[in-house]
Each structure stands twice: as structure tokens, then as C-alpha cells.
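Content type compact mmCIF, C-alpha atoms, from the file protein_13.txt:
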```
# COMPACT_ATOMS: atom_id res chain seq x y z
CA MET A 1 114.81 -23.54 -64.45
CA SER A 2 113.39 -21.05 -62.00
CA ARG A 3 110.44 -18.82 -62.73
CA ILE A 4 110.71 -15.06 -62.56
CA VAL A 5 107.26 -13.58 -62.08
CA VAL A 6 106.46 -9.90 -61.81
CA VAL A 7 103.31 -8.96 -59.89
CA THR A 8 101.95 -5.79 -61.46
CA SER A 9 98.79 -3.75 -62.03
CA GLY A 10 99.51 -0.27 -63.32
CA LYS A 11 97.08 1.33 -60.89
CA GLY A 12 98.04 1.69 -57.25
CA GLY A 13 96.06 0.37 -54.33
CA VAL A 14 94.55 -2.66 -56.04
CA GLY A 15 96.45 -5.16 -53.91
CA LYS A 16 99.76 -5.90 -55.63
CA THR A 17 101.75 -6.18 -52.42
CA THR A 18 99.07 -8.18 -50.63
CA CYS A 19 98.94 -10.59 -53.56
CA SER A 20 102.75 -10.84 -53.71
CA ALA A 21 103.01 -11.65 -49.99
CA ASN A 22 100.25 -14.25 -50.10
CA LEU A 23 101.30 -15.89 -53.36
CA GLY A 24 104.89 -16.05 -52.14
CA MET A 25 103.93 -17.57 -48.81
CA ALA A 26 101.51 -20.03 -50.42
CA LEU A 27 104.13 -21.19 -52.95
CA ALA A 28 106.65 -21.63 -50.13
CA ARG A 29 104.12 -23.76 -48.27
CA LEU A 30 103.81 -25.91 -51.38
CA GLY A 31 107.49 -26.69 -50.96
CA ARG A 32 108.94 -24.23 -53.45
CA LYS A 33 111.92 -22.07 -52.62
CA VAL A 34 110.65 -18.53 -53.08
CA VAL A 35 112.20 -15.10 -52.89
CA LEU A 36 110.04 -12.00 -52.80
CA LEU A 37 111.79 -9.00 -54.29
CA ASP A 38 110.30 -5.64 -53.37
CA ALA A 39 110.88 -3.46 -56.43
CA ASP A 40 108.98 -0.52 -54.99
CA PHE A 41 112.11 1.50 -54.24
CA GLY A 42 111.39 4.42 -51.93
CA LEU A 43 107.97 3.13 -50.84
CA ARG A 44 108.72 -0.27 -49.41
CA ASN A 45 105.88 -2.17 -47.76
CA LEU A 46 106.30 -5.84 -48.50
CA ASP A 47 108.42 -6.27 -45.36
CA LEU A 48 105.50 -4.93 -43.28
CA LEU A 49 102.94 -7.26 -44.79
CA LEU A 50 105.22 -10.19 -44.05
CA GLY A 51 106.03 -8.96 -40.55
CA LEU A 52 109.74 -8.92 -41.38
CA GLU A 53 110.39 -5.19 -41.07
CA ASN A 54 112.59 -5.50 -38.00
CA ARG A 55 114.91 -7.98 -39.62
CA VAL A 56 115.81 -5.96 -42.71
CA VAL A 57 119.46 -4.89 -42.56
CA TYR A 58 120.50 -4.57 -46.18
CA THR A 59 118.29 -3.93 -49.18
CA ALA A 60 118.40 -4.60 -52.90
CA LEU A 61 120.25 -1.32 -53.36
CA GLU A 62 123.25 -2.39 -51.27
CA VAL A 63 123.39 -5.68 -53.17
CA ILE A 64 123.36 -3.86 -56.50
CA ALA A 65 126.00 -1.40 -55.29
CA GLY A 66 128.19 -4.29 -54.16
CA GLU A 67 128.17 -3.08 -50.56
CA CYS A 68 127.04 -6.47 -49.27
CA ARG A 69 126.69 -10.01 -50.50
CA LEU A 70 123.30 -11.18 -51.77
CA GLU A 71 122.99 -13.75 -48.95
CA GLN A 72 123.49 -11.03 -46.34
CA ALA A 73 120.55 -9.03 -47.65
CA LEU A 74 118.11 -11.94 -47.88
CA VAL A 75 115.73 -12.14 -44.90
CA ARG A 76 114.62 -15.73 -44.27
CA ASP A 77 111.11 -16.14 -42.92
CA LYS A 78 111.24 -18.15 -39.68
CA ARG A 79 107.65 -19.33 -39.99
CA GLN A 80 108.27 -20.69 -43.47
CA THR A 81 111.94 -21.21 -44.22
CA ASN A 82 111.33 -21.72 -47.93
CA LEU A 83 110.52 -18.02 -48.15
CA ALA A 84 112.98 -15.15 -48.27
CA LEU A 85 112.59 -11.41 -48.75
CA LEU A 86 114.87 -8.97 -50.47
CA ALA A 87 113.63 -5.59 -49.32
CA ALA A 88 113.53 -2.33 -51.25
CA PRO A 89 115.54 0.66 -50.04
CA GLN A 90 113.36 3.22 -48.34
CA THR A 91 115.61 6.24 -48.69
CA ARG A 92 116.20 6.26 -52.43
CA ASN A 93 113.79 6.51 -55.32
CA LYS A 94 113.02 4.47 -58.39
CA ASN A 95 115.71 6.05 -60.51
CA ALA A 96 118.45 4.86 -58.16
CA VAL A 97 119.09 1.77 -60.28
CA THR A 98 118.92 0.82 -63.96
CA SER A 99 116.99 -1.94 -65.71
CA ASP A 100 120.24 -3.75 -66.44
CA GLN A 101 121.21 -3.77 -62.79
CA MET A 102 117.81 -5.16 -61.84
CA ARG A 103 118.07 -7.81 -64.54
CA GLN A 104 121.39 -8.93 -63.10
CA LEU A 105 120.00 -8.98 -59.57
CA VAL A 106 117.01 -11.09 -60.60
CA GLU A 107 119.32 -13.36 -62.55
CA SER A 108 121.47 -14.05 -59.49
CA LEU A 109 118.38 -14.63 -57.33
CA SER A 110 117.10 -17.15 -59.84
CA GLN A 111 120.22 -19.26 -59.18
CA LEU A 112 119.13 -19.71 -55.56
CA PHE A 113 115.33 -20.03 -55.77
CA ASP A 114 112.54 -21.81 -57.67
CA TYR A 115 110.50 -18.61 -57.81
CA VAL A 116 111.53 -14.98 -57.93
CA LEU A 117 108.38 -12.93 -57.29
CA VAL A 118 108.92 -9.27 -58.09
CA ASP A 119 106.51 -6.86 -56.39
CA CYS A 120 106.19 -4.05 -58.92
CA PRO A 121 105.52 -0.42 -57.98
CA ALA A 122 102.42 1.34 -59.30
CA GLY A 123 102.81 3.34 -62.50
CA ILE A 124 104.54 2.59 -65.77
CA GLU A 125 107.69 4.65 -65.37
CA GLN A 126 111.26 3.65 -64.51
CA GLY A 127 110.18 1.61 -61.46
CA PHE A 128 107.92 -0.50 -63.65
CA GLN A 129 110.59 -0.91 -66.30
CA ASN A 130 113.05 -2.05 -63.62
CA ALA A 131 110.60 -4.51 -62.11
CA VAL A 132 109.76 -6.19 -65.40
CA ALA A 133 113.35 -6.15 -66.67
CA GLY A 134 114.28 -9.70 -65.70
CA ALA A 135 110.80 -11.22 -65.65
CA ASN A 136 109.55 -13.89 -68.01
CA GLU A 137 106.06 -14.12 -66.53
CA ALA A 138 103.56 -11.71 -65.04
CA VAL A 139 100.65 -11.83 -62.64
CA ILE A 140 98.29 -8.95 -63.38
CA ILE A 141 96.21 -7.70 -60.47
CA SER A 142 93.01 -5.82 -61.13
CA THR A 143 89.92 -4.97 -59.16
CA PRO A 144 86.54 -4.90 -60.94
CA GLU A 145 86.70 -1.13 -61.35
CA MET A 146 87.01 0.81 -64.57
CA ALA A 147 90.24 2.62 -63.73
CA ALA A 148 91.96 -0.55 -62.55
CA VAL A 149 90.92 -2.51 -65.64
CA ARG A 150 92.00 0.25 -67.97
CA ASP A 151 95.42 0.46 -66.32
CA ALA A 152 95.75 -3.32 -66.29
CA ASP A 153 95.09 -3.35 -70.02
CA ARG A 154 97.81 -0.77 -70.56
CA VAL A 155 100.24 -2.85 -68.53
CA VAL A 156 99.39 -5.98 -70.52
CA GLY A 157 100.31 -4.06 -73.66
CA LEU A 158 103.61 -2.88 -72.16
CA LEU A 159 104.47 -6.40 -70.98
CA GLU A 160 103.88 -7.76 -74.46
CA ALA A 161 106.23 -5.08 -75.76
CA ASN A 162 108.78 -6.26 -73.17
CA ARG A 163 108.38 -9.82 -74.47
CA VAL A 164 106.71 -11.06 -71.30
CA SER A 165 104.08 -13.24 -72.92
CA LYS A 166 103.01 -15.57 -70.13
CA MET A 167 100.43 -13.73 -68.05
CA GLY A 168 97.74 -14.58 -65.55
CA LEU A 169 94.99 -12.41 -64.10
CA ILE A 170 94.02 -12.15 -60.47
CA VAL A 171 90.71 -10.40 -59.93
CA ASN A 172 90.99 -8.86 -56.51
CA ARG A 173 88.42 -7.46 -54.09
CA ILE A 174 85.37 -8.71 -55.90
CA ARG A 175 82.02 -8.31 -54.14
CA PRO A 176 79.67 -11.08 -55.27
CA GLY A 177 76.61 -9.29 -53.94
CA MET A 178 77.32 -6.25 -56.09
CA VAL A 179 77.94 -8.42 -59.14
CA ARG A 180 74.60 -10.14 -58.61
CA ALA A 181 72.91 -6.76 -58.29
CA ASN A 182 74.51 -5.83 -61.63
CA ASP A 183 76.50 -3.04 -60.03
CA MET A 184 79.97 -4.52 -60.44
CA MET A 185 81.74 -6.13 -63.37
CA SER A 186 81.96 -9.90 -63.07
CA VAL A 187 85.07 -12.02 -63.53
CA GLN A 188 83.68 -13.04 -66.92
CA ASP A 189 83.27 -9.39 -67.91
CA MET A 190 86.90 -8.71 -67.02
CA LEU A 191 88.21 -11.76 -68.85
CA GLU A 192 86.25 -10.72 -71.89
CA ILE A 193 87.80 -7.26 -71.79
CA LEU A 194 91.39 -8.12 -70.85
CA SER A 195 91.58 -11.51 -72.59
CA ILE A 196 94.32 -13.05 -70.48
CA PRO A 197 93.99 -16.37 -68.63
CA LEU A 198 92.51 -16.35 -65.14
CA LEU A 199 94.71 -17.28 -62.19
CA GLY A 200 92.56 -16.38 -59.22
CA VAL A 201 89.50 -14.61 -57.87
CA ILE A 202 89.87 -12.99 -54.46
CA PRO A 203 86.78 -11.73 -52.64
CA GLU A 204 86.81 -8.49 -50.70
CA ASP A 205 87.88 -9.43 -47.18
CA GLU A 206 88.29 -7.39 -43.98
CA GLN A 207 90.81 -9.95 -42.79
CA VAL A 208 93.34 -8.44 -45.20
CA ILE A 209 93.61 -5.43 -42.91
CA VAL A 210 93.87 -7.62 -39.83
CA SER A 211 96.57 -9.73 -41.44
CA THR A 212 98.56 -6.63 -42.39
CA ASN A 213 98.23 -5.32 -38.84
CA ARG A 214 99.70 -8.56 -37.58
CA GLY A 215 102.27 -9.05 -40.31
CA GLU A 216 100.88 -12.46 -41.13
CA PRO A 217 99.76 -13.21 -44.68
CA LEU A 218 96.23 -14.64 -44.91
CA VAL A 219 97.41 -18.00 -46.18
CA LEU A 220 99.24 -18.61 -42.87
CA ALA A 221 96.05 -18.65 -40.80
CA ASP A 222 94.99 -21.94 -39.22
CA ARG A 223 91.54 -21.44 -40.59
CA PRO A 224 92.08 -19.13 -43.56
CA SER A 225 89.27 -16.82 -44.64
CA LEU A 226 87.73 -17.13 -48.10
CA ALA A 227 90.35 -14.72 -49.47
CA GLY A 228 93.13 -16.76 -47.88
CA VAL A 229 91.84 -19.94 -49.50
CA ALA A 230 91.51 -18.12 -52.82
CA PHE A 231 95.18 -17.00 -52.63
CA ALA A 232 96.31 -20.54 -51.86
CA HIS A 233 94.36 -21.77 -54.87
CA ALA A 234 95.87 -19.11 -57.10
CA ALA A 235 99.33 -20.30 -56.05
CA GLN A 236 98.40 -23.86 -56.96
CA ARG A 237 97.21 -22.71 -60.37
CA LEU A 238 100.50 -20.89 -60.83
CA GLU A 239 102.09 -24.28 -60.19
CA GLY A 240 100.03 -25.66 -63.05
CA LYS A 241 97.45 -27.51 -60.97
CA GLU A 242 93.79 -27.34 -61.84
CA VAL A 243 91.81 -26.12 -58.88
CA GLU A 244 88.08 -25.53 -58.83
CA TYR A 245 87.03 -21.96 -58.16
CA VAL A 246 85.48 -21.49 -54.73
CA ASP A 247 81.83 -20.55 -54.86
CA LEU A 248 81.83 -16.95 -53.69
CA ASP A 249 78.06 -16.60 -54.02
CA GLY A 250 75.94 -17.75 -51.16
CA GLY A 251 77.92 -16.01 -48.45
CA ASP A 252 76.23 -12.64 -48.53
CA GLU A 253 73.09 -13.69 -50.35
CA SER A 254 69.83 -12.28 -49.11
CA PHE A 255 66.65 -14.26 -48.68
CA PHE A 256 65.06 -12.77 -51.76
CA GLU A 257 68.12 -13.40 -53.89
CA ARG A 258 68.00 -17.03 -52.84
CA LEU A 259 64.31 -17.15 -53.62
CA VAL A 260 64.87 -15.63 -57.05
CA ARG A 261 67.66 -18.08 -57.74
CA PHE A 262 65.51 -20.97 -56.57
CA LEU A 263 62.62 -19.98 -58.82
CA ARG A 264 64.97 -19.48 -61.75
CA GLY A 265 66.56 -22.85 -61.18
CA SER A 266 63.22 -24.61 -61.04
CA ARG A 267 62.28 -23.15 -64.41
CA ALA A 268 65.39 -24.31 -66.20
CA MET B 1 57.85 -14.75 -64.76
CA ILE B 2 57.57 -14.88 -60.99
CA ALA B 3 61.34 -14.65 -60.67
CA GLU B 4 61.53 -11.53 -62.79
CA LEU B 5 58.58 -10.01 -60.99
CA LEU B 6 60.22 -10.60 -57.62
CA GLU B 7 63.52 -9.30 -58.89
CA ARG B 8 61.91 -6.12 -60.13
CA LEU B 9 59.94 -5.77 -56.93
CA PHE B 10 62.92 -6.01 -54.62
CA ARG B 11 65.64 -4.45 -56.66
CA GLY B 12 64.14 -1.42 -58.29
CA SER B 13 64.68 -1.24 -62.02
CA GLY B 14 67.27 -4.03 -62.06
CA GLN B 15 69.39 -2.06 -64.52
CA GLY B 16 72.69 -1.69 -62.66
CA SER B 17 75.86 0.15 -63.60
CA ARG B 18 77.74 -3.02 -64.54
CA GLU B 19 76.82 -3.06 -68.21
CA GLN B 20 77.57 0.65 -68.46
CA ALA B 21 81.06 0.11 -67.03
CA LYS B 22 81.70 -2.70 -69.47
CA GLN B 23 80.58 -0.77 -72.52
CA ARG B 24 82.48 2.38 -71.57
CA LEU B 25 85.60 0.36 -70.94
CA LYS B 26 85.39 -1.45 -74.26
CA LEU B 27 85.15 1.83 -76.08
CA ILE B 28 87.97 3.55 -74.22
CA LEU B 29 90.25 0.50 -74.52
CA ALA B 30 89.69 0.32 -78.25
CA HIS B 31 91.13 3.81 -78.45
CA ASP B 32 93.90 3.17 -75.89
CA ARG B 33 95.05 0.07 -77.74
CA SER B 34 94.99 1.50 -81.23
CA ASP B 35 97.17 4.54 -80.51
CA LEU B 36 94.87 6.52 -82.78
CA THR B 37 94.42 10.06 -81.59
CA PRO B 38 90.98 11.65 -81.82
CA GLN B 39 92.46 14.00 -84.44
CA MET B 40 93.51 11.06 -86.59
CA MET B 41 90.13 9.43 -86.19
CA GLU B 42 88.44 12.61 -87.30
CA GLU B 43 90.74 12.85 -90.32
CA ILE B 44 90.04 9.24 -91.30
CA ARG B 45 86.35 9.89 -90.94
CA ARG B 46 86.49 12.99 -93.13
CA GLU B 47 88.48 11.28 -95.86
CA ILE B 48 86.34 8.14 -95.93
CA LEU B 49 83.23 10.29 -96.17
CA ALA B 50 84.73 12.32 -98.98
CA VAL B 51 85.58 9.20 -100.99
CA VAL B 52 82.29 7.42 -100.41
CA SER B 53 80.30 10.56 -101.10
CA ARG B 54 81.68 10.65 -104.64
CA TYR B 55 79.68 7.56 -105.42
CA VAL B 56 76.68 7.70 -103.18
CA GLU B 57 74.70 10.24 -101.25
CA LEU B 58 74.93 9.46 -97.55
CA ASP B 59 72.41 9.91 -94.81
CA ASN B 60 74.33 12.23 -92.51
CA GLN B 61 72.05 11.53 -89.55
CA GLY B 62 72.83 7.83 -89.42
CA LEU B 63 76.63 7.92 -89.82
CA GLU B 64 78.58 5.90 -87.25
CA PHE B 65 82.32 5.47 -86.78
CA SER B 66 83.76 3.39 -83.98
CA LEU B 67 86.73 1.26 -83.04
CA GLU B 68 86.27 -2.26 -81.78
CA THR B 69 89.07 -4.32 -80.41
CA ASP B 70 90.08 -7.53 -78.76
CA ARG B 71 93.61 -8.55 -77.79
CA GLN B 72 94.52 -9.60 -81.34
CA THR B 73 92.89 -7.14 -83.67
CA THR B 74 91.41 -3.69 -83.81
CA ALA B 75 88.69 -2.95 -86.32
CA LEU B 76 87.32 0.33 -87.56
CA ILE B 77 83.59 -0.09 -87.84
CA ALA B 78 81.85 2.36 -90.13
CA ASN B 79 78.15 2.43 -90.74
CA LEU B 80 77.28 4.65 -93.68
CA PRO B 81 73.58 4.57 -94.57
CA ILE B 82 73.12 5.36 -98.26
CA ARG B 83 70.33 7.68 -99.30
CA ARG B 84 70.79 7.16 -103.03
CA VAL B 85 73.43 6.20 -105.57
CA ARG B 86 74.81 9.07 -107.60
CA GLY B 87 74.72 8.97 -111.38
CA GLU B 88 77.41 7.07 -113.34
CA VAL B 89 78.67 10.25 -115.00
CA LEU B 90 79.14 12.15 -111.80
CA ALA B 91 81.17 9.33 -110.23
CA SER B 92 83.54 8.92 -113.17
CA THR B 93 84.22 12.63 -113.56
CA LEU B 94 84.98 12.96 -109.89
CA THR B 95 87.22 9.90 -109.53
CA GLY B 96 88.98 10.31 -112.83
CA PRO B 97 91.37 13.18 -112.01
CA ALA B 98 91.52 12.39 -108.31
CA ALA B 99 92.74 8.81 -108.69
CA PRO B 100 96.43 9.42 -109.51
CA THR B 101 97.03 11.77 -106.59
CA THR B 102 95.55 9.39 -104.02
CA GLU B 103 97.64 6.53 -105.37
CA ASN B 104 100.82 8.51 -105.12
CA SER B 105 100.26 9.72 -101.60
```

Show the structure stored in the file as C-alpha cells.
Amino acid sequence: MSRIVVVTSGKGGVGKTTCSANLGMALARLGRKVVLLDADFGLRNLDLLLGLENRVVYTALEVIAGECRLEQALVRDKRQTNLALLAAPQTRNKNAVTSDQMRQLVESLSQLFDYVLVDCPAGIEQGFQNAVAGANEAVIISTPEMAAVRDADRVVGLLEANRVSKMGLIVNRIRPGMVRANDMMSVQDMLEILSIPLLGVIPEDEQVIVSTNRGEPLVLADRPSLAGVAFAHAAQRLEGKEVEYVDLDGGDESFFERLVRFLRGSRA
Amino acid sequence: MIAELLERLFRGSGQGSREQAKQRLKLILAHDRSDLTPQMMEEIRREILAVVSRYVELDNQGLEFSLETDRQTTALIANLPIRRVRGEVLASTLTGPAAPTTENS
């Protein structure tokens, strides 16, 4: 029984595609057969993040229209052969296909792979409806910002209405220093508000931009950055393994913060 | 003591925007989740006040209406400070004729 997981957030720019690429690659490295389906019709980017843009010939649209076979449209990753990409069309928009067509597409992909990861477009319109159509699980991405959390909450409600009940939260782009200074919501704050189980905590990381420039997901690095490690851990949790959360504090802690922490600790 | 002193010394007031974000979000999400429009909330408020005021005199300054919610339930929290209880006679004369219409609606 393969798992069909939609990666979604409501708000744009919180890191859906980055998370999809890294989760997909990490799961493939764990030995799972994974297909990443870019459901962001008209604004495709997943191929870029994976560095596969030059190998895309057919897209999901041609498969749906019956203009090519599914196998022809799948782009196998040469670095990690367990991973394949089904790209989104760039010329058409989100109304080019129906939810039923997407459901069928996802269904046929699930015959070939252990995981179908659907990278959802921003928004809650037709594109969202299409992306969640065949899914039975969801990974919700949110940053610790008010607008992102509000939109994530809306999406959680819509997913429940679509009978997608298994959900996990990835808190993306957290800045531990700001949380300590009480100027950013903590992971605990967000869990309290959204009340869905936690799947991963990804720190803000400049390497994300570098990895996009190169077309190499963070988890592929020989010595992955903290964010890369955090993505790999999130993938393991998705697999049902219990992984300790990496201590994100410490890294950017100032002398006085350490002193305060030390004095606090000695009191307790 | 020393820790707090140091914290205050090197971080200004120490009161960041985090708690503000959390509280504002909780409030806005309670409304988002309940699908209650501000108009409906206002109507509920007016009607509850009208009913309660038949029996007791309320302190208008201290009235509070808010929605609280978690994933499972949404609750309407009303805080209605009572100034004094109205007389028995007044209550019965007011509720008497009004009761059938409210039950029917």
C-alpha cells in the first residue's frame, strides 16, 4: 500500500517546494521508491530545485491528456534512482485539469511507487483541490509567522473536509535566536495553535539558496547543514521512526544568553 | 534574580512580540474556524444581553464576549458582571409573554 502525501501550506513562499524536494530525496535515500508530482501547474519549480529541468520532456498534462505514457513522462534522478519527478506543465494554468483527472493520475502513480509526494500550489482554489484530490495524508508547512500560521490553519480545516485526516507539521525557517529573544513564535506555540502532530523543525538556512542554485537538495550534501539534517530526520519520522530533535539552540547564542542560561540552570 | 537582572540589562524590556503574535492568532483563528461573521456575533451578543437583562441588571462596563477554540471545539465565552438582581415580579412579567415566541422561533 503506497502512501500519497500532499505537501501544502496555503500561503506561498513558506518553503513547500523546498520541503517536497528534500523530503522526496531523503525518503529515496532511505530506500523507498518515491515520485514527486509537481501540482503547481503554470508555475513549475520543483524540476529546478532538483536540477532536473533539462530532462523534462513530457509533463503531467500530457499524461492526463493521453498524449504520452506515464513512464515516458517520469524523469528518473540519476543521483538517486529511487526518485522520479513528474513535472507540471508550464504553459497551462491550474484549471487545465479536473480533480478527477488528478485523482486518476495519482492512483496510477501509486501502483509504481511507495510514496507519491504531491507538491501543492499556494492558495486554496482549483490547484489546491486538484493537489489534494488523491491524497490520503498531508504535510503542512508553516513558518513561525502570523500569516503563514493562519493560512496553515485554514488548510488544515479544508483537508479535514476533504477527509485527509493524517497530517504532520513541518515548522520551517525558524530562527532560534529570535525565539529566545521572545520575538518569534516557538515550535510549542505553533503546535498549541494548530494542534497537529509535529514532523520536523527546519532552521533558517542560507544553504537553501545555494542548494537551489546548484539544483541539489540539501539532504544530498556530503556534510549536510543543520537544515539538511533536519529534513532527513523529518523523512525518517514520516517513515514512523522516532528521531530526537536536533538542538537548534547554541548555534547563534551570544555570550550573555549563555550566561543567563547558565545562571538559570544553576538555580533549578 | 541575577539571571533576570542580566536579561533585563542586556535585552531591554524583555517583552518581545512573540506573545502578542500568539494571542492575536488565537483570537483570529477562533473566528476563522467558527464561520461566525462579526454581524452574527453582534446579534448573539445583543440577544443574550436582552435575555439576561430581564433577570438581572448588568454592569455594562465589564461585559466581555469572545470566542475560544481548539481543534475540537469552539466556545463562546461571555463574562456578564451583575450589578443587582431584578425583582421577582419584574422578571415574571417580562418572561411570561415572551416565552412562547422564543420557543417557536

Test item: chain A residues at most 6 Å from chain B, counting all atoms listed in the file, as an MDAnalysis selection string: chainID A and resid 182:185 260 263

Deliver the residues from the most recent selection as a file, using C-alpha atoms, as a compact mmCIF listing (two decimals), in the frame of the given file.
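Contents of the output file selection.txt:
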```txt
# COMPACT_ATOMS: atom_id res chain seq x y z
CA ASN A 182 74.51 -5.83 -61.63
CA ASP A 183 76.50 -3.04 -60.03
CA MET A 184 79.97 -4.52 -60.44
CA MET A 185 81.74 -6.13 -63.37
CA VAL A 260 64.87 -15.63 -57.05
CA LEU A 263 62.62 -19.98 -58.82
```

B:Thr73, B:Leu36, B:Arg83, B:Arg45 ranked by distance to Leu58 (chain B), top pick (using all atoms listed in the file):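 When distances to Leu58 (chain B) are compared using all atoms listed in the file, the smallest one comes from B:Arg83.
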
Nearest residue to Val132 (chain A) from the set A:Leu159, A:Ala28, A:Leu36, A:Leu74 (distances using all atoms listed in the file):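 Ranking A:Leu159, A:Ala28, A:Leu36, A:Leu74 by distance to Val132 (chain A), first place goes to A:Leu159.
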
Atomic separation - CA of Ala138 (chain A) relative to CA of Gly13 (chain A), Å: 17.8 Å

Cut-off 12 Å around (114.9, -15.0, -73.1) with all atoms listed in the file: residues as a ChimeraX atom specification: /A:3-4,103,107,133-137,162-165

Output C-alpha atoms for every residue in that selection, as a tab-separated table (two decimals), in the coordinates of the input.
```tsv
chain	number	residue	atom	x	y	z
A	3	ARG	CA	110.44	-18.82	-62.73
A	4	ILE	CA	110.71	-15.06	-62.56
A	103	ARG	CA	118.07	-7.81	-64.54
A	107	GLU	CA	119.32	-13.36	-62.55
A	133	ALA	CA	113.35	-6.15	-66.67
A	134	GLY	CA	114.28	-9.70	-65.70
A	135	ALA	CA	110.80	-11.22	-65.65
A	136	ASN	CA	109.55	-13.89	-68.01
A	137	GLU	CA	106.06	-14.12	-66.53
A	162	ASN	CA	108.78	-6.26	-73.17
A	163	ARG	CA	108.38	-9.82	-74.47
A	164	VAL	CA	106.71	-11.06	-71.30
A	165	SER	CA	104.08	-13.24	-72.92
```

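Shortest atom-to-atom contact with Asn45 (chain A) among A:Lys16, A:Arg237, A:Arg29, A:Arg79: A:Lys16, counting all atoms listed in the file.
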
List the neighbours of Ala234 (chain A) out to 10 Å using all atoms listed in the file; skip same-chain residues closer than 2 positions along the sequence, and give me the result as a short mmCIF file (atom, residue, chain, number, x, y, z; two decimals) with C-alpha atoms, in the frame of the given file.
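Output file result10.cif follows:
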```cif
data_model
loop_
_atom_site.label_atom_id
_atom_site.label_comp_id
_atom_site.auth_asym_id
_atom_site.auth_seq_id
_atom_site.Cartn_x
_atom_site.Cartn_y
_atom_site.Cartn_z
CA CYS A 19 98.94 -10.59 -53.56
CA ASN A 22 100.25 -14.25 -50.10
CA LEU A 23 101.30 -15.89 -53.36
CA ALA A 26 101.51 -20.03 -50.42
CA LEU A 27 104.13 -21.19 -52.95
CA GLY A 168 97.74 -14.58 -65.55
CA LEU A 169 94.99 -12.41 -64.10
CA ILE A 170 94.02 -12.15 -60.47
CA LEU A 198 92.51 -16.35 -65.14
CA LEU A 199 94.71 -17.28 -62.19
CA GLY A 200 92.56 -16.38 -59.22
CA VAL A 201 89.50 -14.61 -57.87
CA ILE A 202 89.87 -12.99 -54.46
CA GLY A 228 93.13 -16.76 -47.88
CA VAL A 229 91.84 -19.94 -49.50
CA ALA A 230 91.51 -18.12 -52.82
CA PHE A 231 95.18 -17.00 -52.63
CA ALA A 232 96.31 -20.54 -51.86
CA GLN A 236 98.40 -23.86 -56.96
CA ARG A 237 97.21 -22.71 -60.37
CA LEU A 238 100.50 -20.89 -60.83
CA GLU A 239 102.09 -24.28 -60.19
CA GLY A 240 100.03 -25.66 -63.05
CA LYS A 241 97.45 -27.51 -60.97
CA GLU A 242 93.79 -27.34 -61.84
CA VAL A 243 91.81 -26.12 -58.88
CA TYR A 245 87.03 -21.96 -58.16
#
```

Sphere at (120.6, -5.7, -51.2), radius 10 Å, counting all atoms listed in the file: residues as a list of chain:residue names: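 Collected hits near the coordinates: A:Leu37, A:Val56, A:Val57, A:Tyr58, A:Thr59, A:Ala60, A:Leu61, A:Glu62, A:Val63, A:Ile64, A:Ala65, A:Gly66, A:Glu67, A:Cys68, A:Arg69, A:Leu70, A:Glu71, A:Gln72, A:Ala73, A:Leu74, A:Leu86, A:Ala87, A:Ala88, A:Pro89, A:Leu105.
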
Atomic separation - CA of Val208 (chain A) relative to CA of Met190 (chain A), Å: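 CA of Met190 (chain A) sits 22.8 Å away from CA of Val208 (chain A).
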
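Interatomic distance, CA of Pro81 (chain B) to CA of Asp59 (chain B): 5.5 Å.
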
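Distance check against Val6 (chain A) using only C-alpha atoms: of A:Ser225, A:Gln111, A:Thr98, A:Asn130, the minimum falls on A:Asn130.
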
Of the listed residues A:Tyr115, A:Phe41, A:Phe128, A:Phe262, that which approaches Gly10 (chain A) most closely, counting all atoms listed in the file: A:Phe128
